[in-house]
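> Please see the structure below; I have some questions.
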Amino acid sequence: MSLIKPYRFYPKPEIERRANDLLLRMELTPNWKPSWPLEVDRIADFLDLGVVWDLIPSDEYGPIAARILPLNRQIELNEEILSLPEGFQSSTLAHEIGHWMLHINHAEVQEEGGHLSSDDSFLCRPNSSLSELESIEWQAQYFASCLLMPESLLVEYCDRQNLTRWSTLYQLRDQLGVTISNLVNRLQDLGWIHIPQGSRKLMLGPVNREEATKSWG
């Protein structure tokens, strides 16, 4: 067996359910209830994953934002992203947790000694091309978005808010501790807002937020 699971397609609802299940497990565990902005380091601690910062050199394929050393149960973040907004750092760590939850073979990690070197790593790169929409990188990033911005929390935070104003979105960004691009992508994915291609005009999306509020109420 391998430390990395064979590729499989995860539909969005399953990825979201897995992220929500992780948050629920924390909420039901004494002294681990999550709060927002989400302290992603605590998520890693809950999963018994170490988090370290180090300078990770680029390889022939380009920059490496982070990597997982599965046998060490360790996530290594590239010090170079410290110069980026804090929301990007949280997203990167949440992205790695997504890989851990979706793509790492935990049974093989737990097997004493394993059969691979502890130096073997699972790499995360900062950008993915559109052709990789349903790749493991997209899956991990979608998991990160669901973890950082669960729909139930967004319903609460967005109640009676005018999502067609950028000032509102920047306020929400600060409350959630995410990047503005992550927030916009999440709201568009939920269908709450729409931005015409080539425009910065915010429009309400096709999904009625009042109905979402009722379902989570």
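Note on naming: chains are A, B, ... as they come in the structure tokens, residues start from 1 per chain, ligands start from 1 in the order shown.
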Please provide the set of residues having any atom within 12 Å of His99 in chain A, restricted to only C-alpha atoms, with same-chain residues fewer than 4 positions apart removed, written as a PDB file with C-alpha atoms, in the first residue's frame.


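The file below, result_3.pdb, is the result:
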ATOM      1  CA  LEU A   3       0.858   6.617   1.969  1.00  0.00           C
ATOM      2  CA  ILE A   4      -1.173   8.401  -0.708  1.00  0.00           C
ATOM      3  CA  LYS A   5      -4.647   7.122  -1.529  1.00  0.00           C
ATOM      4  CA  TYR A   7      -7.156   9.278  -6.875  1.00  0.00           C
ATOM      5  CA  ILE A  15     -16.109  17.306   0.786  1.00  0.00           C
ATOM      6  CA  ARG A  18     -16.196  15.878   5.778  1.00  0.00           C
ATOM      7  CA  ALA A  19     -15.167  19.416   6.706  1.00  0.00           C
ATOM      8  CA  ALA A  66       3.718  23.687   1.840  1.00  0.00           C
ATOM      9  CA  ARG A  67       4.119  19.962   2.184  1.00  0.00           C
ATOM     10  CA  ILE A  68       3.048  17.094   4.410  1.00  0.00           C
ATOM     11  CA  LEU A  69       5.504  14.605   5.868  1.00  0.00           C
ATOM     12  CA  PRO A  70       2.956  11.849   6.575  1.00  0.00           C
ATOM     13  CA  ILE A  75       2.832  19.948   7.942  1.00  0.00           C
ATOM     14  CA  THR A  92      -2.592  27.179   2.996  1.00  0.00           C
ATOM     15  CA  LEU A  93      -2.650  25.332   6.307  1.00  0.00           C
ATOM     16  CA  ALA A  94      -6.351  24.474   5.890  1.00  0.00           C
ATOM     17  CA  HIS A  95      -5.516  23.257   2.377  1.00  0.00           C
ATOM     18  CA  HIS A 103      -5.737  11.969   0.347  1.00  0.00           C
ATOM     19  CA  ILE A 104      -3.430  10.495   3.001  1.00  0.00           C
ATOM     20  CA  ASN A 105      -3.744   6.807   3.827  1.00  0.00           C
ATOM     21  CA  HIS A 106      -4.014   7.009   7.621  1.00  0.00           C
ATOM     22  CA  SER A 121       6.373  14.243   1.323  1.00  0.00           C
ATOM     23  CA  PHE A 122       3.082  15.292  -0.188  1.00  0.00           C
ATOM     24  CA  LEU A 123       3.633  18.624  -1.923  1.00  0.00           C
ATOM     25  CA  CYS A 124       1.282  21.589  -2.203  1.00  0.00           C
ATOM     26  CA  SER A 135      -7.798  17.298  -9.204  1.00  0.00           C
ATOM     27  CA  ILE A 136      -6.643  16.607  -5.688  1.00  0.00           C
ATOM     28  CA  GLU A 137      -5.433  20.208  -5.374  1.00  0.00           C
ATOM     29  CA  TRP A 138      -8.930  21.522  -6.095  1.00  0.00           C
ATOM     30  CA  GLN A 139     -10.420  19.028  -3.629  1.00  0.00           C
ATOM     31  CA  ALA A 140      -8.068  20.156  -0.858  1.00  0.00           C
ATOM     32  CA  GLN A 141      -8.789  23.819  -1.539  1.00  0.00           C
ATOM     33  CA  TYR A 142     -12.537  23.250  -1.530  1.00  0.00           C
ATOM     34  CA  PHE A 143     -12.169  21.422   1.798  1.00  0.00           C
ATOM     35  CA  ALA A 144     -10.221  24.428   3.116  1.00  0.00           C
TER      36      ALA A 144
END

> Based on DSSP run over this structure's backbone, return all residues of chain A in helix (DSSP H, G or I), as a PyMOL selection string.

chain A and resi 12-27+40-46+70-72+79-83+86-103+106-110+130-132+136-148+151-158+166-176+180-190+209-216

> Given the selection you just returned, output its residues as a file containing C-alpha atoms, formatted as a tab-separated table (two decimals), in the first residue's frame.


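result26.tsv written:
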chain	number	residue	atom	x	y	z
A	12	LYS	CA	-18.70	18.90	-3.41
A	13	PRO	CA	-21.35	17.77	-0.88
A	14	GLU	CA	-19.08	14.98	0.37
A	15	ILE	CA	-16.11	17.31	0.79
A	16	GLU	CA	-18.30	19.79	2.65
A	17	ARG	CA	-19.71	17.03	4.86
A	18	ARG	CA	-16.20	15.88	5.78
A	19	ALA	CA	-15.17	19.42	6.71
A	20	ASN	CA	-18.33	19.89	8.78
A	21	ASP	CA	-17.79	16.52	10.47
A	22	LEU	CA	-14.31	17.60	11.55
A	23	LEU	CA	-15.66	20.86	13.01
A	24	LEU	CA	-18.44	18.94	14.77
A	25	ARG	CA	-15.96	16.48	16.28
A	26	MET	CA	-14.06	19.44	17.71
A	27	GLU	CA	-17.23	21.08	19.00
A	40	VAL	CA	-6.28	26.58	11.91
A	41	ASP	CA	-3.30	25.63	14.08
A	42	ARG	CA	-5.82	24.25	16.60
A	43	ILE	CA	-7.34	22.08	13.89
A	44	ALA	CA	-3.90	20.62	13.24
A	45	ASP	CA	-3.36	20.11	16.98
A	46	PHE	CA	-6.71	18.34	17.24
A	70	PRO	CA	2.96	11.85	6.57
A	71	LEU	CA	5.10	9.49	8.66
A	72	ASN	CA	6.14	12.44	10.83
A	79	GLU	CA	8.47	30.79	5.23
A	80	GLU	CA	8.14	32.76	2.01
A	81	ILE	CA	4.34	32.92	2.41
A	82	LEU	CA	4.79	34.86	5.67
A	83	SER	CA	5.02	38.00	3.54
A	86	GLU	CA	-2.50	36.25	6.98
A	87	GLY	CA	-5.62	34.88	5.32
A	88	PHE	CA	-3.43	33.19	2.72
A	89	GLN	CA	-1.41	31.49	5.45
A	90	SER	CA	-4.57	30.17	7.11
A	91	SER	CA	-5.87	28.98	3.75
A	92	THR	CA	-2.59	27.18	3.00
A	93	LEU	CA	-2.65	25.33	6.31
A	94	ALA	CA	-6.35	24.47	5.89
A	95	HIS	CA	-5.52	23.26	2.38
A	96	GLU	CA	-2.90	20.89	3.80
A	97	ILE	CA	-5.40	19.63	6.36
A	98	GLY	CA	-7.70	18.97	3.41
A	99	HIS	CA	-5.01	16.80	1.86
A	100	TRP	CA	-4.56	14.99	5.17
A	101	MET	CA	-8.27	14.28	5.49
A	102	LEU	CA	-8.92	13.34	1.84
A	103	HIS	CA	-5.74	11.97	0.35
A	106	HIS	CA	-4.01	7.01	7.62
A	107	ALA	CA	-3.89	3.25	8.11
A	108	GLU	CA	-0.51	3.12	6.36
A	109	VAL	CA	0.76	6.09	8.37
A	110	GLN	CA	-0.18	4.33	11.61
A	130	LEU	CA	-8.15	25.43	-14.66
A	131	SER	CA	-7.58	22.00	-16.19
A	132	GLU	CA	-7.02	20.68	-12.64
A	136	ILE	CA	-6.64	16.61	-5.69
A	137	GLU	CA	-5.43	20.21	-5.37
A	138	TRP	CA	-8.93	21.52	-6.09
A	139	GLN	CA	-10.42	19.03	-3.63
A	140	ALA	CA	-8.07	20.16	-0.86
A	141	GLN	CA	-8.79	23.82	-1.54
A	142	TYR	CA	-12.54	23.25	-1.53
A	143	PHE	CA	-12.17	21.42	1.80
A	144	ALA	CA	-10.22	24.43	3.12
A	145	SER	CA	-12.97	26.84	2.04
A	146	CYS	CA	-15.65	24.71	3.73
A	147	LEU	CA	-13.53	24.47	6.88
A	148	LEU	CA	-12.77	28.20	7.08
A	151	GLU	CA	-22.25	27.54	5.26
A	152	SER	CA	-24.01	27.62	8.64
A	153	LEU	CA	-21.59	30.31	9.84
A	154	LEU	CA	-21.93	32.33	6.63
A	155	VAL	CA	-25.72	32.28	7.03
A	156	GLU	CA	-25.24	33.85	10.46
A	157	TYR	CA	-22.61	36.39	9.39
A	158	CYS	CA	-24.38	37.40	6.17
A	166	TRP	CA	-17.49	45.45	-1.61
A	167	SER	CA	-17.21	47.21	1.77
A	168	THR	CA	-19.50	44.52	3.23
A	169	LEU	CA	-17.36	41.73	1.79
A	170	TYR	CA	-14.16	43.25	3.15
A	171	GLN	CA	-15.78	43.48	6.57
A	172	LEU	CA	-16.79	39.82	6.34
A	173	ARG	CA	-13.27	38.94	5.20
A	174	ASP	CA	-11.84	40.45	8.38
A	175	GLN	CA	-14.43	38.73	10.58
A	176	LEU	CA	-13.64	35.34	9.03
A	180	ILE	CA	-11.10	38.37	-0.16
A	181	SER	CA	-10.66	36.01	-3.11
A	182	ASN	CA	-11.45	32.99	-0.91
A	183	LEU	CA	-14.58	34.69	0.40
A	184	VAL	CA	-15.77	35.77	-3.04
A	185	ASN	CA	-15.20	32.29	-4.46
A	186	ARG	CA	-17.10	30.71	-1.57
A	187	LEU	CA	-20.08	33.07	-1.88
A	188	GLN	CA	-20.20	32.52	-5.64
A	189	ASP	CA	-20.00	28.77	-5.16
A	190	LEU	CA	-22.96	28.93	-2.77
A	209	ARG	CA	-30.26	33.34	1.14
A	210	GLU	CA	-33.50	33.54	3.13
A	211	GLU	CA	-34.18	29.92	2.25
A	212	ALA	CA	-30.66	29.00	3.35
A	213	THR	CA	-31.29	30.82	6.63
A	214	LYS	CA	-34.44	28.79	7.22
A	215	SER	CA	-32.66	25.50	6.53
A	216	TRP	CA	-29.92	26.31	9.06

> Which value, in Å to one decimal, gives the distance between CA of Trp192 in chain A and CA of Gln161 in chain A?

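Atom-to-atom, CA of Trp192 in chain A and CA of Gln161 in chain A are spaced 11.5 Å apart.
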
> Out of range 18-92 of chain A, which residues get strand (DSSP E or B) from DSSP, as an MDAnalysis selection string?

chainID A and resid 50:54 59 62 66:69 74:78

> Can I get the selected residues back with N, CA and C atoms, as a compact mmCIF listing (two decimals), in the first residue's frame?


# COMPACT_ATOMS: atom_id res chain seq x y z
N GLY A 50 1.79 18.12 13.64
CA GLY A 50 2.69 19.22 13.94
C GLY A 50 2.74 20.21 12.78
N VAL A 51 2.96 21.48 13.08
CA VAL A 51 3.07 22.53 12.07
C VAL A 51 4.39 23.25 12.27
N VAL A 52 5.22 23.29 11.25
CA VAL A 52 6.50 23.98 11.33
C VAL A 52 6.66 24.89 10.12
N TRP A 53 7.44 25.94 10.33
CA TRP A 53 7.79 26.86 9.25
C TRP A 53 9.25 26.64 8.86
N ASP A 54 9.49 26.59 7.56
CA ASP A 54 10.85 26.39 7.08
C ASP A 54 10.94 26.96 5.67
N ASP A 59 11.33 23.54 -6.78
CA ASP A 59 11.92 22.47 -7.56
C ASP A 59 11.70 22.74 -9.04
N GLY A 62 8.37 24.38 -9.92
CA GLY A 62 7.97 25.69 -9.43
C GLY A 62 7.95 25.78 -7.92
N ALA A 66 3.72 24.51 0.62
CA ALA A 66 3.72 23.69 1.84
C ALA A 66 3.85 22.23 1.45
N ARG A 67 4.07 21.39 2.44
CA ARG A 67 4.12 19.96 2.18
C ARG A 67 3.78 19.20 3.46
N ILE A 68 3.33 17.97 3.28
CA ILE A 68 3.05 17.09 4.41
C ILE A 68 4.11 16.00 4.46
N LEU A 69 4.64 15.76 5.64
CA LEU A 69 5.50 14.60 5.87
C LEU A 69 4.65 13.60 6.64
N GLN A 74 3.42 15.67 10.13
CA GLN A 74 3.89 17.05 10.16
C GLN A 74 3.53 17.79 8.89
N ILE A 75 3.07 19.04 9.06
CA ILE A 75 2.83 19.95 7.94
C ILE A 75 3.92 21.00 7.98
N GLU A 76 4.59 21.16 6.86
CA GLU A 76 5.67 22.13 6.76
C GLU A 76 5.23 23.25 5.83
N LEU A 77 5.25 24.49 6.34
CA LEU A 77 4.84 25.65 5.58
C LEU A 77 6.06 26.45 5.15
N ASN A 78 6.02 26.96 3.94
CA ASN A 78 7.14 27.72 3.40
C ASN A 78 7.19 29.11 4.02

> State, in Å with one decimal place, the distance from CA of Ile193 in chain A to CA of Met149 in chain A.

15.2 Å

> Please indicate the distance in Å from CA of Pro85 in chain A to CA of Pro11 in chain A, rounded to one decimal place.

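Computing it gives 29.6 Å between the two atoms.
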
> Using only C-alpha atoms, find the one residue out of A:Trp36, A:Asp48, A:Gly191, A:Gly198 that sits nearest to Pro150 in chain A.

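Comparing A:Trp36, A:Asp48, A:Gly191, A:Gly198 against Pro150 in chain A, the winner is A:Trp36.
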